[in-house]
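Notes to accompany the following structure.
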Amino acid sequence: MDKKRTQWGSNFGFIMSAIGSAVGLGNIWAFPFKMGQNGGFAFLIVYVILAVFVGLMIMVSELAIGRRTKLGVLGAYQKISKRFGWIGWLAVLSPLILLSFYCVLGGYCVEYMCYNLSEVAFGVGAGAADAGETIFSNMLSNQLGALIFALIFLGMCVIIVKNGIKGGIEKFNKIGMPALFVMLIIIIIRAVTLPGASEGIKFMLEPNLEPLKNDFIGVISTAGCQMFLSLSLAMGAMVTYGSYLGNKENIVKSAGTIIFADTLVAVLAGFAVLPAAFALNGSEAVLSGPKLLFITLQDVFNQMGFVGPIFGVIFYLLVIIAAVSSAISLLEVIATMIIDKREAKNKPVDRVKITAYICIPVVFLMAIVAIDGLGANGMWTPFSKSVGIIGSFNDCWLDFFDTLAEGILMPIGGLLMAIMIGWEYGTENIRDEIMLEGNKFKLYKLYRVCIRFVVPVMMLLILFGQISEIFGLKLL
Ligand code: PFF
């Protein structure tokens with residue numbers, strides 16, 4: 001008997017959840033710096049072009065495949081393709097890896113929020129103007145603490161995911177996303193009124209064509225990789241969320257909204273973090289990655305006097321919400337896959353148990369990253385030259401996992417998916433799904449050309465860029 005699949009409670013709930021998946025650490029600590037470093041406004045234009053001609057096409061495809069098959073990523077790919085069904089496994093493996101270090105980073109954010117909260121309570125004591133560096137290195141070498149807080153972060157995600165799509169994920173995001181937006185605006189207002197703030201805005205926005213002229217492939221690859229990570233593509237998240245979508249929903253419009261909101265938050269995040277970072281020590285400050293968040297910005301809060309820790313609490317809470325809303329989508333990819341497999345075999349489905357079982361490998365991988373402390377604790381690490389967006393500490397386990405998931409598996413997954421849809425499954429099937437219940441697909445011709453030609457070529461470029469960077473080659 002066909003069991004009816006759960007659906008999102010409302011279109012708003014679905015959109016907020018998908019935006020929640022997209023808005024994450026990638027927006028806050030990677031995008032603003034990548035933009036400033038790779039041509040400012042010129043980079044934004046490259047990014048938007050890629051987001052429209054590659055990102056939108058892939059997102060539309062993922063949502064449509066999910067809705068059409070009503071299955072999570074593994075089942076969905078296996079159902080629509082004989083030759084490429086196995087790429088569903090890539091889309092299960094990458095979220096597992098990403099989730100493991102996302103939890104450690106999320107745990108760090110919880111630690112920082114607590115730190116600032118304690119300063120609100122007990123006064124700005126340890127908060128000397130340059131205490132950021134000391135706090136950060138103390139945190140990294142405190143391995144048990146890192147593990148405990150990573151577990152707390154994972155625990156929060158489990159509590160949400162065990163309650164299901166409507167009662168857990170949708171409920172969290174419907175409140176979390178608007179709250180995140182309000183907090184972001186509060187932080188921006190404070191940041192842009194700091195003395196010297198305009199330098200940060202200039203760094204991010206000033207158009208500069210030099211990087212594009214000097215290393216065109218490098219810039220495309222950076223923008224493409226950032227776009228993939230930021231839009232949560234090729235990780236099964238959008239297929240999974242799409243599988244709970246009702247037939248009435250307009251997939252193209254939803255994908256457009258998600259991409260617009262994600263890009264808006266990424267640019268706004270720049271207005272929140274870069275002016276503050278520049279106000280502190282100009283271009284000397286660390287402007288990206290964990291160090292931006294945990295050293296530079298903490299120093300900024302420490303220098304603000306009494307109100308500093310209050311802004312600190314708001315800021316780290318904002319980052320925690322962004323991280324949780326992304327991490328739950330990663331967890332859900334795996335949960336849905338297992339639930340679907342069990343339902344197909346008519347086995348009982350216990351979401352709580354399933355979510356708990358997924359935690360076993362996650363905790364294992366997470367423990368390695370937490371104990372390694374971003375390379376601070378002298379652990380042996382496999383070869384690692386970070387090309388990821390999230391990490392930036394070469395030679396640490398986080399960067400190894402990041403490079404693997406985000407730098408290699410994700411672009412390969414995206415490339416194969418485009419080939420599968422464009423050349424095997426057929427874009428007409430995606431069109432039919434999108435046009436259900438009278439929805440229009442005006443962009444179909446463009447979509448077909450993009451999926452068959454533009455996306456594979458771009459994915460190859462991105463992949464070449466990554467590989468050349470990993471091995472230090474200059475390909476073009
Ligand atoms: N989009 C998230 C970010 O920008 O940090 C990362 C991410 C979450 C990627 C969920 C993929 C995913 F399925």
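Residues in the structure tokens are numbered from 1 in each chain, the chains being A, B, ... in the order shown, and ligands are numbered from 1 in the order shown.
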
Test item: residues lying within 6 Å of ligand 1 with only C-alpha atoms and all ligand atoms, as a PyMOL selection string: chain A and resi 21-27+229-233+235+237+326+329-330

Emit the selected residues as a PDB file, in the first residue's frame, including N, CA and C atoms.
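Below is the file that was written, part-v9.pdb:
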```pdb
ATOM      1  N   SER A  21      19.109  25.934   5.267  1.00  0.00           N
ATOM      2  CA  SER A  21      20.169  25.019   4.842  1.00  0.00           C
ATOM      3  C   SER A  21      21.261  25.805   4.122  1.00  0.00           C
ATOM      4  N   ALA A  22      20.839  26.730   3.281  1.00  0.00           N
ATOM      5  CA  ALA A  22      21.806  27.474   2.468  1.00  0.00           C
ATOM      6  C   ALA A  22      22.622  28.463   3.303  1.00  0.00           C
ATOM      7  N   VAL A  23      21.944  29.181   4.183  1.00  0.00           N
ATOM      8  CA  VAL A  23      22.658  30.181   4.987  1.00  0.00           C
ATOM      9  C   VAL A  23      23.405  29.481   6.115  1.00  0.00           C
ATOM     10  N   GLY A  24      24.719  29.539   6.043  1.00  0.00           N
ATOM     11  CA  GLY A  24      25.506  28.855   7.071  1.00  0.00           C
ATOM     12  C   GLY A  24      26.849  29.533   7.248  1.00  0.00           C
ATOM     13  N   LEU A  25      27.794  28.771   7.758  1.00  0.00           N
ATOM     14  CA  LEU A  25      29.121  29.347   8.006  1.00  0.00           C
ATOM     15  C   LEU A  25      29.739  29.887   6.729  1.00  0.00           C
ATOM     16  N   GLY A  26      29.423  29.220   5.604  1.00  0.00           N
ATOM     17  CA  GLY A  26      29.952  29.649   4.314  1.00  0.00           C
ATOM     18  C   GLY A  26      29.595  31.095   4.003  1.00  0.00           C
ATOM     19  N   ASN A  27      28.400  31.507   4.389  1.00  0.00           N
ATOM     20  CA  ASN A  27      27.981  32.890   4.117  1.00  0.00           C
ATOM     21  C   ASN A  27      28.710  33.865   5.016  1.00  0.00           C
ATOM     22  N   LEU A 229      28.750  25.326  -2.225  1.00  0.00           N
ATOM     23  CA  LEU A 229      28.641  25.100  -0.788  1.00  0.00           C
ATOM     24  C   LEU A 229      27.509  25.941  -0.223  1.00  0.00           C
ATOM     25  N   SER A 230      27.493  27.206  -0.627  1.00  0.00           N
ATOM     26  CA  SER A 230      26.547  28.123  -0.031  1.00  0.00           C
ATOM     27  C   SER A 230      25.098  27.741  -0.346  1.00  0.00           C
ATOM     28  N   LEU A 231      24.870  27.250  -1.551  1.00  0.00           N
ATOM     29  CA  LEU A 231      23.490  26.892  -1.916  1.00  0.00           C
ATOM     30  C   LEU A 231      23.145  25.458  -1.530  1.00  0.00           C
ATOM     31  N   SER A 232      24.027  24.811  -0.805  1.00  0.00           N
ATOM     32  CA  SER A 232      23.800  23.423  -0.355  1.00  0.00           C
ATOM     33  C   SER A 232      23.515  22.484  -1.522  1.00  0.00           C
ATOM     34  N   LEU A 233      24.298  22.632  -2.594  1.00  0.00           N
ATOM     35  CA  LEU A 233      24.042  21.784  -3.766  1.00  0.00           C
ATOM     36  C   LEU A 233      24.922  20.535  -3.752  1.00  0.00           C
ATOM     37  N   MET A 235      24.711  17.845  -2.354  1.00  0.00           N
ATOM     38  CA  MET A 235      24.884  17.171  -1.063  1.00  0.00           C
ATOM     39  C   MET A 235      23.590  16.469  -0.677  1.00  0.00           C
ATOM     40  N   ALA A 237      20.822  17.726  -0.018  1.00  0.00           N
ATOM     41  CA  ALA A 237      19.907  18.469   0.849  1.00  0.00           C
ATOM     42  C   ALA A 237      18.658  18.921   0.086  1.00  0.00           C
ATOM     43  N   SER A 326      21.775  24.707   8.958  1.00  0.00           N
ATOM     44  CA  SER A 326      22.469  23.975   7.893  1.00  0.00           C
ATOM     45  C   SER A 326      22.719  22.539   8.325  1.00  0.00           C
ATOM     46  N   SER A 329      19.906  20.089   8.012  1.00  0.00           N
ATOM     47  CA  SER A 329      19.597  19.607   6.658  1.00  0.00           C
ATOM     48  C   SER A 329      20.557  18.487   6.276  1.00  0.00           C
ATOM     49  N   LEU A 330      21.793  18.559   6.764  1.00  0.00           N
ATOM     50  CA  LEU A 330      22.750  17.486   6.490  1.00  0.00           C
ATOM     51  C   LEU A 330      22.319  16.194   7.185  1.00  0.00           C
TER      52      LEU A 330
END
```

Shell of 12 Å around Val52 of chain A, only C-alpha atoms, local chain residues under 6 positions omitted, as a list in words: Ile45, Val46, Ile58, Met59, Val60, Gly224, Met227, Phe228, Leu231, Val252, Ala255, Gly256, Thr257, Ile258, Ile259, Phe260, Thr263, Leu443, Leu446, Tyr447, Cys450, Ile451, Val454 and Val455 of chain A

Would you mind exporting C-alpha atoms of the selected residues as a PDB file, in the first residue's frame?
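Once everything was written out, this is result35.pdb:
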```
ATOM      1  CA  ILE A  45      28.866  39.663 -10.706  1.00  0.00           C
ATOM      2  CA  VAL A  46      30.734  36.441 -11.562  1.00  0.00           C
ATOM      3  CA  ILE A  58      21.008  22.442 -10.327  1.00  0.00           C
ATOM      4  CA  MET A  59      18.745  23.533  -7.524  1.00  0.00           C
ATOM      5  CA  VAL A  60      15.668  23.315  -9.739  1.00  0.00           C
ATOM      6  CA  GLY A 224      31.801  28.174  -8.164  1.00  0.00           C
ATOM      7  CA  MET A 227      28.268  28.940  -4.725  1.00  0.00           C
ATOM      8  CA  PHE A 228      27.958  25.162  -4.465  1.00  0.00           C
ATOM      9  CA  LEU A 231      23.490  26.892  -1.916  1.00  0.00           C
ATOM     10  CA  VAL A 252      11.531  27.614 -10.151  1.00  0.00           C
ATOM     11  CA  ALA A 255      14.698  28.114  -6.077  1.00  0.00           C
ATOM     12  CA  GLY A 256      15.033  31.738  -7.195  1.00  0.00           C
ATOM     13  CA  THR A 257      13.881  32.959  -3.788  1.00  0.00           C
ATOM     14  CA  ILE A 258      16.305  30.666  -1.955  1.00  0.00           C
ATOM     15  CA  ILE A 259      19.243  31.807  -4.087  1.00  0.00           C
ATOM     16  CA  PHE A 260      18.334  35.472  -3.747  1.00  0.00           C
ATOM     17  CA  THR A 263      23.210  35.774  -1.653  1.00  0.00           C
ATOM     18  CA  LEU A 443      13.076  29.067 -18.800  1.00  0.00           C
ATOM     19  CA  LEU A 446      17.681  27.838 -21.318  1.00  0.00           C
ATOM     20  CA  TYR A 447      17.517  25.180 -18.632  1.00  0.00           C
ATOM     21  CA  CYS A 450      22.571  24.886 -19.278  1.00  0.00           C
ATOM     22  CA  ILE A 451      22.159  21.397 -17.831  1.00  0.00           C
ATOM     23  CA  VAL A 454      27.022  24.942 -19.451  1.00  0.00           C
ATOM     24  CA  VAL A 455      26.859  23.140 -16.113  1.00  0.00           C
TER      25      VAL A 455
END
```

At a cut-off of 8 Å, using only C-alpha atoms, what residues contact Gly39 of chain A? Leave out same-chain residues fewer than 5 positions from it and give the result as a PDB file with C-alpha atoms, in the first residue's frame.
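Contents of the output file around.pdb:
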```pdb
ATOM      1  CA  GLU A 206      35.455  48.002  -4.640  1.00  0.00           C
ATOM      2  CA  PRO A 207      35.496  46.536  -8.141  1.00  0.00           C
ATOM      3  CA  ASN A 208      38.879  45.222  -9.176  1.00  0.00           C
ATOM      4  CA  LEU A 209      39.412  43.364 -12.418  1.00  0.00           C
ATOM      5  CA  GLU A 210      43.018  42.353 -11.663  1.00  0.00           C
ATOM      6  CA  PRO A 211      42.228  38.971 -10.034  1.00  0.00           C
ATOM      7  CA  LEU A 212      40.026  38.075 -13.017  1.00  0.00           C
TER       8      LEU A 212
END
```

Test item: residues at most 7 Å from Val286 of chain A, only C-alpha atoms, excluding those fewer than 3 positions along its chain, as a list in words: Lys291, Leu292 and Thr296 of chain A

DSSP alpha helix (DSSP H) residues within segment 120-350 of chain A, as a VMD selection string: chain A and resid 120 to 122 132 to 141 143 to 162 164 171 to 192 197 to 205 210 to 214 216 to 230 237 to 242 251 to 281 289 to 291 297 to 302 308 to 344

A:Leu71, A:Leu317, A:Ala146, A:Val273 ranked by distance to Leu287 of chain A, top pick (using only C-alpha atoms): A:Val273

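When only C-alpha atoms are used to measure the gap to Val324 of chain A, the shortest distance among A:Trp423, A:Phe33, A:Phe153, A:Tyr112 belongs to A:Phe153.
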
Closest contacts (segment 27-103 of chain A/segment 336-344 of chain A, max 8 Å, only C-alpha atoms) as JSON lines:
```
{"residue": "A:Leu71", "atom": "CA", "partner": "A:Asp340", "partner_atom": "CA", "distance": 6.5}
{"residue": "A:Gly72", "atom": "CA", "partner": "A:Met337", "partner_atom": "CA", "distance": 4.9}
{"residue": "A:Val73", "atom": "CA", "partner": "A:Met337", "partner_atom": "CA", "distance": 6.5}
{"residue": "A:Leu74", "atom": "CA", "partner": "A:Met337", "partner_atom": "CA", "distance": 6.3}
{"residue": "A:Gly75", "atom": "CA", "partner": "A:Met337", "partner_atom": "CA", "distance": 6.9}
```

Close residues, segment 248-250 of chain A itself excluded, 8 Å, only C-alpha atoms, min 6 positions apart in chain, as a ChimeraX atom specification: /A:11,434,436-437,439

Extract, using only C-alpha atoms, all DNA, RNA and protein residues at most 7 Å from Leu398 of chain A, discarding same-chain residues fewer than 4 positions from it, and format them as a CSV table (one decimal) with all heavy atoms, in the first residue's frame.
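Written out: out-v5.csv:
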```csv
chain,number,residue,atom,x,y,z
A,101,PHE,N,32.5,18.1,10.9
A,101,PHE,CA,33.2,19.3,11.3
A,101,PHE,C,32.4,20.5,11.5
A,101,PHE,O,32.7,21.4,12.3
A,101,PHE,CB,34.5,19.5,10.4
A,101,PHE,CG,34.2,19.9,9.0
A,101,PHE,CD1,33.8,21.2,8.7
A,101,PHE,CD2,34.4,19.0,8.0
A,101,PHE,CE1,33.5,21.5,7.3
A,101,PHE,CE2,34.2,19.3,6.7
A,101,PHE,CZ,33.7,20.5,6.3
A,369,VAL,N,38.2,15.7,14.7
A,369,VAL,CA,38.3,17.1,14.4
A,369,VAL,C,38.4,17.9,15.7
A,369,VAL,O,39.3,18.8,15.8
A,369,VAL,CB,37.1,17.6,13.6
A,369,VAL,CG1,37.2,19.1,13.3
A,369,VAL,CG2,37.0,16.9,12.3
A,374,LEU,N,41.9,22.1,15.2
A,374,LEU,CA,42.4,22.9,14.0
A,374,LEU,C,43.9,22.8,13.9
A,374,LEU,O,44.5,23.8,13.5
A,374,LEU,CB,41.9,24.4,14.1
A,374,LEU,CG,40.4,24.6,14.2
A,374,LEU,CD1,40.1,26.1,14.2
A,374,LEU,CD2,39.6,24.0,13.0
A,391,GLY,N,37.2,25.8,5.8
A,391,GLY,CA,38.5,25.8,6.6
A,391,GLY,C,39.5,26.7,6.0
A,391,GLY,O,39.3,27.3,4.9
A,402,ASP,N,37.3,18.9,4.9
A,402,ASP,CA,36.6,19.9,4.1
A,402,ASP,C,37.0,19.8,2.6
A,402,ASP,O,36.2,19.9,1.7
A,402,ASP,CB,37.1,21.3,4.6
A,402,ASP,CG,36.3,22.4,4.1
A,402,ASP,OD1,35.1,22.2,3.6
A,402,ASP,OD2,36.8,23.6,4.0
```
